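First comes the structure, then the notes that go with it.
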Amino acid sequence: MPVQETDPLAILRDRFTAAVRAAFPLLASETIDPLITPGKQAELGDYQSNVAMGLSKKVGKPPRDVAKAIVGHVDAAGLLEPLSEASIAGPGFINIKFSAPALAALISAMDAPSMGVPPATPTQTVVVDLMGVNLAKQMHVGHLRSPIIGDAVARVLERLGHRVIRQNHVGDWGLNIAMTTARIMRLVKEKSLSLETLTLDDLDKAYAAAQKECQRDMDGLKAAQHWLMGPKAIAELEAQVEGATAAFLDARQTLLRLQAKEPETYAVWRKIYSVTMKVCVDVCTMLNVNVTDEHTAGESSYADELTPMVDDLVKRGVAVLDQGALVVRLDEPGTPWSDRYGVIKEPCLIRKSDGGYLYATTDVCAVRRRVQKLGAERAIYVIDARQNLHLRQVYGASLKAGYSIHPTTKQPALLEHAAFGSVLGEDGRPFKTRSGDTVKLADLIQETFDRAGSAVRAKCAERNVSLTDADLTQTSRCVGIAALKYADLSTDRVKDSMFSFDRMLAFEGNTGPYLLYACVRIKNILRKAADEGAGSTWPSAAIAVQDHAEKQLALTLLRYPSALRATADALEPHRLCGYLYELAGAFSSFYDKCPVLAADSTAMRDSRVRLCSLTLRVLEDGLGVLGIPVPERM
RNA sequence: GUCCCCGUAGCUCAGUUGGAUAGAGCAGCCGCCUUCUAAGCGGCAGGUCGUGCGUUCGAAUCGCACCGGGGACGCCA
């Protein structure tokens with residue numbers, strides 16, 4: 001069954017486009033955007049059209065005359081209050097008001113399973129790259145934003161009917177991992193570590209230590225060679241770093257054994273892998289982020305494809321040698337890739353002069369798999385803003401290689417970087433504990449839940465709300481998730497965000513808990529309505545939109561589909577947050593002004609209950625898109 | 001040096017892709033709970049939208065140049 005169009009924006013766009021064409025037949029061949037927006041001043045109009053000013057020059061008439069001509073041709077029947085010269089304001093704004101019966105009819109139509117959201121056409125296959133975890137490294141605040149934003153982006157696309165494939169591109173391969181694996185194996189052999197009880201903290205320490213022992217002294221050696229200190233000095237240095245060199249050689253051997261899947265080494269790597277991924281999936285579960293093992297596609301899964309791919313690039317002349325390394329040049333202007341991703345002076349490095357591969361190699365390989373095998377028409381990388389140049393290089397190289405040309409549409413897949421800023425502390429510097437350590441993500445989430453729990457308990461005591469233990473647990477989790485996620489999602493993702501327990505758990509104003517509170521108020525009304533025996537009549541009640549607050553609530557509800565679309569188009573969850581905040585605000589005003597259960601008549605009561613129910617459904621649906629669950633009571 | 005991002009109220013942030021008198025929330029002040037939970041509602045006050053040119057009917061939004069902050073720039077990932 002097709003979804004009935006209830007979005008005022010779309011309806012008005014149609015009617016005003018028709019009116020402009022009727023008023024100015026000469027424009028027949030042109031595409032017309034009637035520039036409809038929600039009314040800037042609510043007293044003047046629900047919506048407005050700003051088309052007259054722009055058209056003025058084209059048709060050679062003063063803007064107000066243009067507006068007058070358009071107004072004369074608008075079909076307002078069954079929809080709008082009559083338009084007249086009085087609807088024209090200022091230089092030529094046309095103010096539009098919906099009639100109360102029309103609003104009621106639109107709301108009734110919206111009160112369907114789709115909630116007025118038509119499925120996107122055409123439906124796309126979209127890959128969303130999110131998470132960004134590395135093997136053997138503790139998850140910290142830096143890993144907070146990608147899953148939260150990425151999951152919301154994935155969910156909004158799913159909500160619109162797209163086929164979304166989440167990809168957790170785990171950094172689980174390469175020399176660094178081999179260094180750690182080698183060190184773990186040595187520690188196990190020395191019996192200072194047991195594989196059975198291995199924790200991510202153990203791995204984190206081993207990673208740092210391995211990094212240190214392998215690199216520090218190798219750097220010293222390099223520097224010595226660089227400054228031509230002579231064979232004697234180098235020999236001395238080499239002697240000093242004998243142990244380190246041994247560790248480094250061990251790491252290289254281990255990497256080879258890993259590539260060959262040598263059983264003993266591979267088993268240790270698997271263990272490291274499972275310990276890391278356990279924490280990763282646990283964190284996602286705690287946060288209600290939909291990322292599980294099935295979404296994992298680690299760098300290791302590309303390992304066998306790299307050499308053939310690089311050979312292919314060389315054979316076709318896409319990659320060329322430069323100073324011993326293999327690169328893809330991206331600095332020619334006027335190419336399809338430079339048009340999309342910019343003229344980039346720095347070439348994309350695909351193979352080191354020692355024959356080793358780099359992260360760009362794997363990333364290009366990932367683009368190829370995502371487009372060629374997974375069928376992605378769009379791939380979204382929810383990654384730190386600092387990776388921008390790297391990603392543009394990868395996108396450019398992939399297009400130049402033809403890897404991002406979709407196999408069936410033959411069009412380049414849309415490769416997008418949904419960049420986000422850093423998480424800063426309240427001092428404006430990278431978020432750390434008071435002692436200056438990085439904060440473990442699991443700890444940070446737990447602290448959020450604990451604080452949410454005490455806040456919920458305090459509030460319930462203050463408001464005389466009694467919750468069962470089960471309710472308390474559920475509510476605390478919901479409030480914690482809402483506080484944490486909403487704080488992250490409600491601002492422009494590209495900007496740095498300030499992390500503050502106090503602010504996100506403040507519960508006032510534009511916060512997650514405020515939205516949850518609006519939902520809970522509605523749930524209370526619905527429960528009481530059922531208790532009072534109104535449960536069977538209201539779902540089919542005729543909707544009436546009379547009071548000002550009722551009208552504002554109705555108008556806000558009708559904007560839901562376009563809020564979702566704007567969010568999906570820009571990949572900016574904060575647009576949806578802003579909408580939901582406005583909706584919760586419109587409901588709160590309505591709640592204050594319009595008694596529901598104590599309405600003047602049964603008809604009005606049932607109409608209002610239905611309005612409440614739709615509001616709740618939209619709020620819960622929108623919060624669901626943000627990955628925020630709603631409690632029953634709070 | 002080149003490139004990317006950011007600069008809006010005391011603080012934290014929006015600003016629907018160029019529209020009317022730039023909006024919220026904190027913090028401050030003033031009202032509203034014997035009626036569906038006051039985690040709420042209504043109101044007051046608070047601004048040279050970093051600066052300067054330009055584009056046009058119209059600029060926080062687009063262009064250029066500066067200023068300030070952050071970031072990235074070949075063999076780490």
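For the structure tokens, the naming scheme is as follows: chains receive sequential letters (A, B, ...) according to their order of presentation, residues are indexed from 1 within each chain, and ligands are indexed from 1 in presentation order.
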Polymer residues at most 6 Å from segment 200-211 of chain A, only C-alpha atoms (C1' of nucleotides), same-chain spacing of 5 or more positions, as a list in words | Ala136, Lys137, Gln138, Met179 and Thr180 of chain A
Write a file of the selected residues as a short mmCIF file (atom, residue, chain, number, x, y, z; two decimals), in the first residue's frame, keeping all heavy atoms.
data_model
loop_
_atom_site.label_atom_id
_atom_site.label_comp_id
_atom_site.auth_asym_id
_atom_site.auth_seq_id
_atom_site.Cartn_x
_atom_site.Cartn_y
_atom_site.Cartn_z
N ALA A 136 44.20 -5.43 20.46
CA ALA A 136 45.12 -5.31 21.58
C ALA A 136 45.25 -3.89 22.11
O ALA A 136 46.20 -3.55 22.79
CB ALA A 136 46.51 -5.84 21.22
N LYS A 137 44.28 -3.05 21.78
CA LYS A 137 44.33 -1.70 22.32
C LYS A 137 43.04 -1.43 23.10
O LYS A 137 41.94 -1.72 22.61
CB LYS A 137 44.47 -0.67 21.20
CG LYS A 137 45.93 -0.42 20.80
CD LYS A 137 45.96 0.56 19.67
CE LYS A 137 47.19 1.43 19.67
NZ LYS A 137 47.19 2.29 18.47
N GLN A 138 43.21 -0.86 24.25
CA GLN A 138 42.08 -0.55 25.10
C GLN A 138 41.17 0.45 24.41
O GLN A 138 41.63 1.38 23.76
CB GLN A 138 42.60 0.03 26.42
CG GLN A 138 41.58 0.16 27.52
CD GLN A 138 40.92 -1.15 27.89
OE1 GLN A 138 39.81 -1.43 27.46
NE2 GLN A 138 41.59 -1.96 28.70
N MET A 179 54.11 -7.60 16.42
CA MET A 179 54.99 -7.25 17.55
C MET A 179 54.32 -7.68 18.86
O MET A 179 54.94 -8.29 19.72
CB MET A 179 55.19 -5.73 17.63
CG MET A 179 56.13 -5.16 16.59
SD MET A 179 56.12 -3.36 16.80
CE MET A 179 57.05 -2.88 15.35
N THR A 180 53.03 -7.32 18.98
CA THR A 180 52.31 -7.63 20.21
C THR A 180 52.14 -9.14 20.36
O THR A 180 52.36 -9.68 21.45
CB THR A 180 50.92 -6.96 20.17
OG1 THR A 180 51.10 -5.59 19.77
CG2 THR A 180 50.27 -7.00 21.53
#
Can you tell me, as a list in words, what residues are no more than 9 Å from Gly132 of chain A when counting only C-alpha atoms (C1' of nucleotides), ignoring any on the same chain fewer than 4 positions away?
->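 Residues near the query, excluding close chain neighbours: His143, Ser146, Pro147, Asn168, His169, Val170, Gly171, Val382 and Ile383 of chain A.
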Given the selection you just returned, output its residues as a file containing all heavy atoms, formatted as a compact mmCIF listing (two decimals), in the first residue's frame.
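Once everything was written out, this is part.txt:
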# COMPACT_ATOMS: atom_id res chain seq x y z
N HIS A 143 37.06 6.28 21.12
CA HIS A 143 36.27 5.30 20.38
C HIS A 143 34.78 5.45 20.61
O HIS A 143 33.99 4.60 20.26
CB HIS A 143 36.69 3.88 20.80
CG HIS A 143 38.10 3.55 20.46
ND1 HIS A 143 39.11 3.59 21.40
CD2 HIS A 143 38.69 3.22 19.29
CE1 HIS A 143 40.26 3.26 20.81
NE2 HIS A 143 40.03 3.04 19.53
N SER A 146 32.48 7.27 16.91
CA SER A 146 32.24 6.53 15.68
C SER A 146 31.07 5.55 15.79
O SER A 146 30.17 5.57 14.94
CB SER A 146 33.51 5.81 15.23
OG SER A 146 33.27 5.07 14.07
N PRO A 147 31.03 4.70 16.82
CA PRO A 147 29.88 3.81 16.92
C PRO A 147 28.57 4.54 17.15
O PRO A 147 27.53 4.13 16.61
CB PRO A 147 30.21 2.89 18.09
CG PRO A 147 31.31 3.55 18.82
CD PRO A 147 32.04 4.40 17.84
N ASN A 168 32.71 -3.19 10.57
CA ASN A 168 33.65 -2.88 11.65
C ASN A 168 35.04 -3.23 11.14
O ASN A 168 35.45 -4.38 11.15
CB ASN A 168 33.27 -3.70 12.89
CG ASN A 168 34.16 -3.39 14.07
OD1 ASN A 168 35.05 -2.56 13.99
ND2 ASN A 168 33.90 -4.07 15.18
N HIS A 169 35.74 -2.21 10.64
CA HIS A 169 37.03 -2.39 9.98
C HIS A 169 38.12 -2.46 11.06
O HIS A 169 38.80 -1.48 11.33
CB HIS A 169 37.27 -1.21 9.03
CG HIS A 169 38.42 -1.36 8.11
ND1 HIS A 169 38.37 -2.12 6.96
CD2 HIS A 169 39.67 -0.83 8.14
CE1 HIS A 169 39.53 -2.06 6.33
NE2 HIS A 169 40.34 -1.28 7.02
N VAL A 170 38.26 -3.61 11.66
CA VAL A 170 39.16 -3.75 12.81
C VAL A 170 40.63 -3.73 12.37
O VAL A 170 40.99 -4.41 11.40
CB VAL A 170 38.89 -5.08 13.54
CG1 VAL A 170 39.73 -5.18 14.79
CG2 VAL A 170 37.42 -5.22 13.88
N GLY A 171 41.42 -2.96 13.07
CA GLY A 171 42.85 -2.93 12.81
C GLY A 171 43.49 -4.15 13.46
O GLY A 171 43.96 -4.09 14.59
N VAL A 382 32.46 6.68 8.88
CA VAL A 382 32.25 7.49 10.08
C VAL A 382 33.54 7.44 10.89
O VAL A 382 33.74 6.58 11.74
CB VAL A 382 31.05 6.98 10.89
CG1 VAL A 382 30.78 7.91 12.07
CG2 VAL A 382 29.82 6.89 10.00
N ILE A 383 34.42 8.37 10.55
CA ILE A 383 35.79 8.34 11.05
C ILE A 383 36.23 9.75 11.42
O ILE A 383 35.79 10.73 10.84
CB ILE A 383 36.73 7.74 9.97
CG1 ILE A 383 36.33 6.30 9.66
CG2 ILE A 383 38.19 7.82 10.38
CD1 ILE A 383 37.17 5.61 8.62
Fewer than 6 positions away in the same chain doesn't count, so skip those; otherwise give me all residues within 10 Å of Asn95 of chain A, counting only C-alpha atoms (C1' of nucleotides), as a list in words.
->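 My list of contacting residues is Ile36, Pro38, Gly39, Lys40, Gln41, Ala42, Glu43, Leu44, Gly45, Asp46, Tyr47, Gln48, Ser49, Asn50, Val71, Leu83, Ser84, Ala86, Ser87, Ile88 and Ala89 of chain A.
Nearest to G43 of chain B of all the residues B:C29, B:C73, B:C64, B:A22 is B:C29, based on only C-alpha atoms (C1' of nucleotides).
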Show which residues sit within 9 Å of A24 of chain B, as an MDAnalysis selection string. Count only C-alpha atoms (C1' of nucleotides), and ignore same-chain residues fewer than 5 positions away.
-> (chainID A and resid 509:510) or (chainID B and resid 13:14)
Determine, counting only C-alpha atoms (C1' of nucleotides), which protein, DNA and RNA residues have an atom within 12 Å of an atom of Gln411 of chain A; residues of the same chain fewer than 5 positions away are not included. Present the result as a PyMOL selection string.
-> chain A and resi 336+371-372+375-378+399+402-406
Restricting it to N, CA and C atoms, dump the selection as a short mmCIF file (atom, residue, chain, number, x, y, z; two decimals), in the first residue's frame.
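So the final result, stored in part-v2.cif, reads:
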data_model
loop_
_atom_site.label_atom_id
_atom_site.label_comp_id
_atom_site.auth_asym_id
_atom_site.auth_seq_id
_atom_site.Cartn_x
_atom_site.Cartn_y
_atom_site.Cartn_z
N PRO A 336 37.95 12.53 -13.33
CA PRO A 336 36.76 12.23 -12.52
C PRO A 336 37.08 12.20 -11.02
N VAL A 371 32.26 -2.22 -2.87
CA VAL A 371 31.51 -1.87 -4.08
C VAL A 371 31.29 -3.10 -4.96
N GLN A 372 32.36 -3.85 -5.21
CA GLN A 372 32.27 -4.95 -6.17
C GLN A 372 31.54 -6.17 -5.61
N GLY A 375 28.24 -4.72 -3.22
CA GLY A 375 27.28 -3.99 -4.06
C GLY A 375 26.94 -2.59 -3.56
N ALA A 376 27.83 -1.99 -2.79
CA ALA A 376 27.56 -0.66 -2.24
C ALA A 376 27.45 0.39 -3.34
N GLU A 377 26.34 1.13 -3.31
CA GLU A 377 26.23 2.29 -4.19
C GLU A 377 26.68 3.54 -3.44
N ARG A 378 26.73 3.39 -2.14
CA ARG A 378 27.15 4.48 -1.28
C ARG A 378 27.94 3.86 -0.13
N LEU A 399 38.80 5.21 -7.28
CA LEU A 399 38.07 5.60 -8.50
C LEU A 399 38.99 5.51 -9.72
N GLY A 402 39.20 2.27 -10.85
CA GLY A 402 37.92 1.72 -11.31
C GLY A 402 37.26 0.82 -10.29
N TYR A 403 37.86 0.67 -9.13
CA TYR A 403 37.32 -0.23 -8.10
C TYR A 403 36.01 0.28 -7.52
N SER A 404 35.79 1.59 -7.59
CA SER A 404 34.56 2.11 -6.98
C SER A 404 33.46 2.31 -8.02
N ILE A 405 33.68 1.80 -9.22
CA ILE A 405 32.60 1.81 -10.21
C ILE A 405 31.67 0.63 -9.93
N HIS A 406 30.43 0.95 -9.67
CA HIS A 406 29.48 -0.09 -9.28
C HIS A 406 29.27 -1.10 -10.42
#
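Distances here use only C-alpha atoms; by that measure, the residue among A:Thr448, A:Thr409, A:Ser422, A:Gln552 closest to Arg493 of chain A is A:Ser422.
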Just the alpha helix (DSSP H) stuff from segment 95-201 of chain A, please, per backbone DSSP, written as a PyMOL selection string.
-> chain A and resi 100-110+145-159+175-189+200-201
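Picture a line from atom CA of Leu389 of chain A to atom CA of Ile344 of chain A; it runs 8.5 Å.
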Report as a Markdown table the residues of chain B within 8 Å of chain A, each with its shortest atom pair and distance in Å (one decimal), using only C-alpha atoms (C1' of nucleotides), ordered by chain and increasing residue number.
| residue | atom | partner | partner_atom | distance |
| --- | --- | --- | --- | --- |
| B:C4 | C1' | A:Asn388 | CA | 7.4 |
| B:C5 | C1' | A:Val494 | CA | 7.8 |
| B:C6 | C1' | A:Lys495 | CA | 6.9 |
| B:C13 | C1' | A:Thr491 | CA | 6.9 |
| B:A14 | C1' | A:Gly578 | CA | 7.7 |
| B:U16 | C1' | A:Thr37 | CA | 7.7 |
| B:G19 | C1' | A:Asn50 | CA | 6.9 |
| B:A20 | C1' | A:Gly90 | CA | 6.8 |
| B:A24 | C1' | A:Asn510 | CA | 7.7 |
| B:G25 | C1' | A:Gly509 | CA | 4.8 |
| B:C36 | C1' | A:Ile525 | CA | 5.5 |
| B:U37 | C1' | A:Arg521 | CA | 6.9 |
| B:A39 | C1' | A:Phe507 | CA | 5.4 |
| B:G40 | C1' | A:Ser588 | CA | 6.9 |
| B:C41 | C1' | A:Asp592 | CA | 6.0 |
| B:C57 | C1' | A:Met53 | CA | 7.0 |
| B:G71 | C1' | A:Arg386 | CA | 6.0 |
| B:A72 | C1' | A:Arg386 | CA | 6.2 |
| B:C73 | C1' | A:Glu346 | CA | 7.4 |
| B:G74 | C1' | A:Leu349 | CA | 6.2 |
| B:C75 | C1' | A:Lys352 | CA | 4.6 |
| B:A77 | C1' | A:Tyr359 | CA | 6.2 |
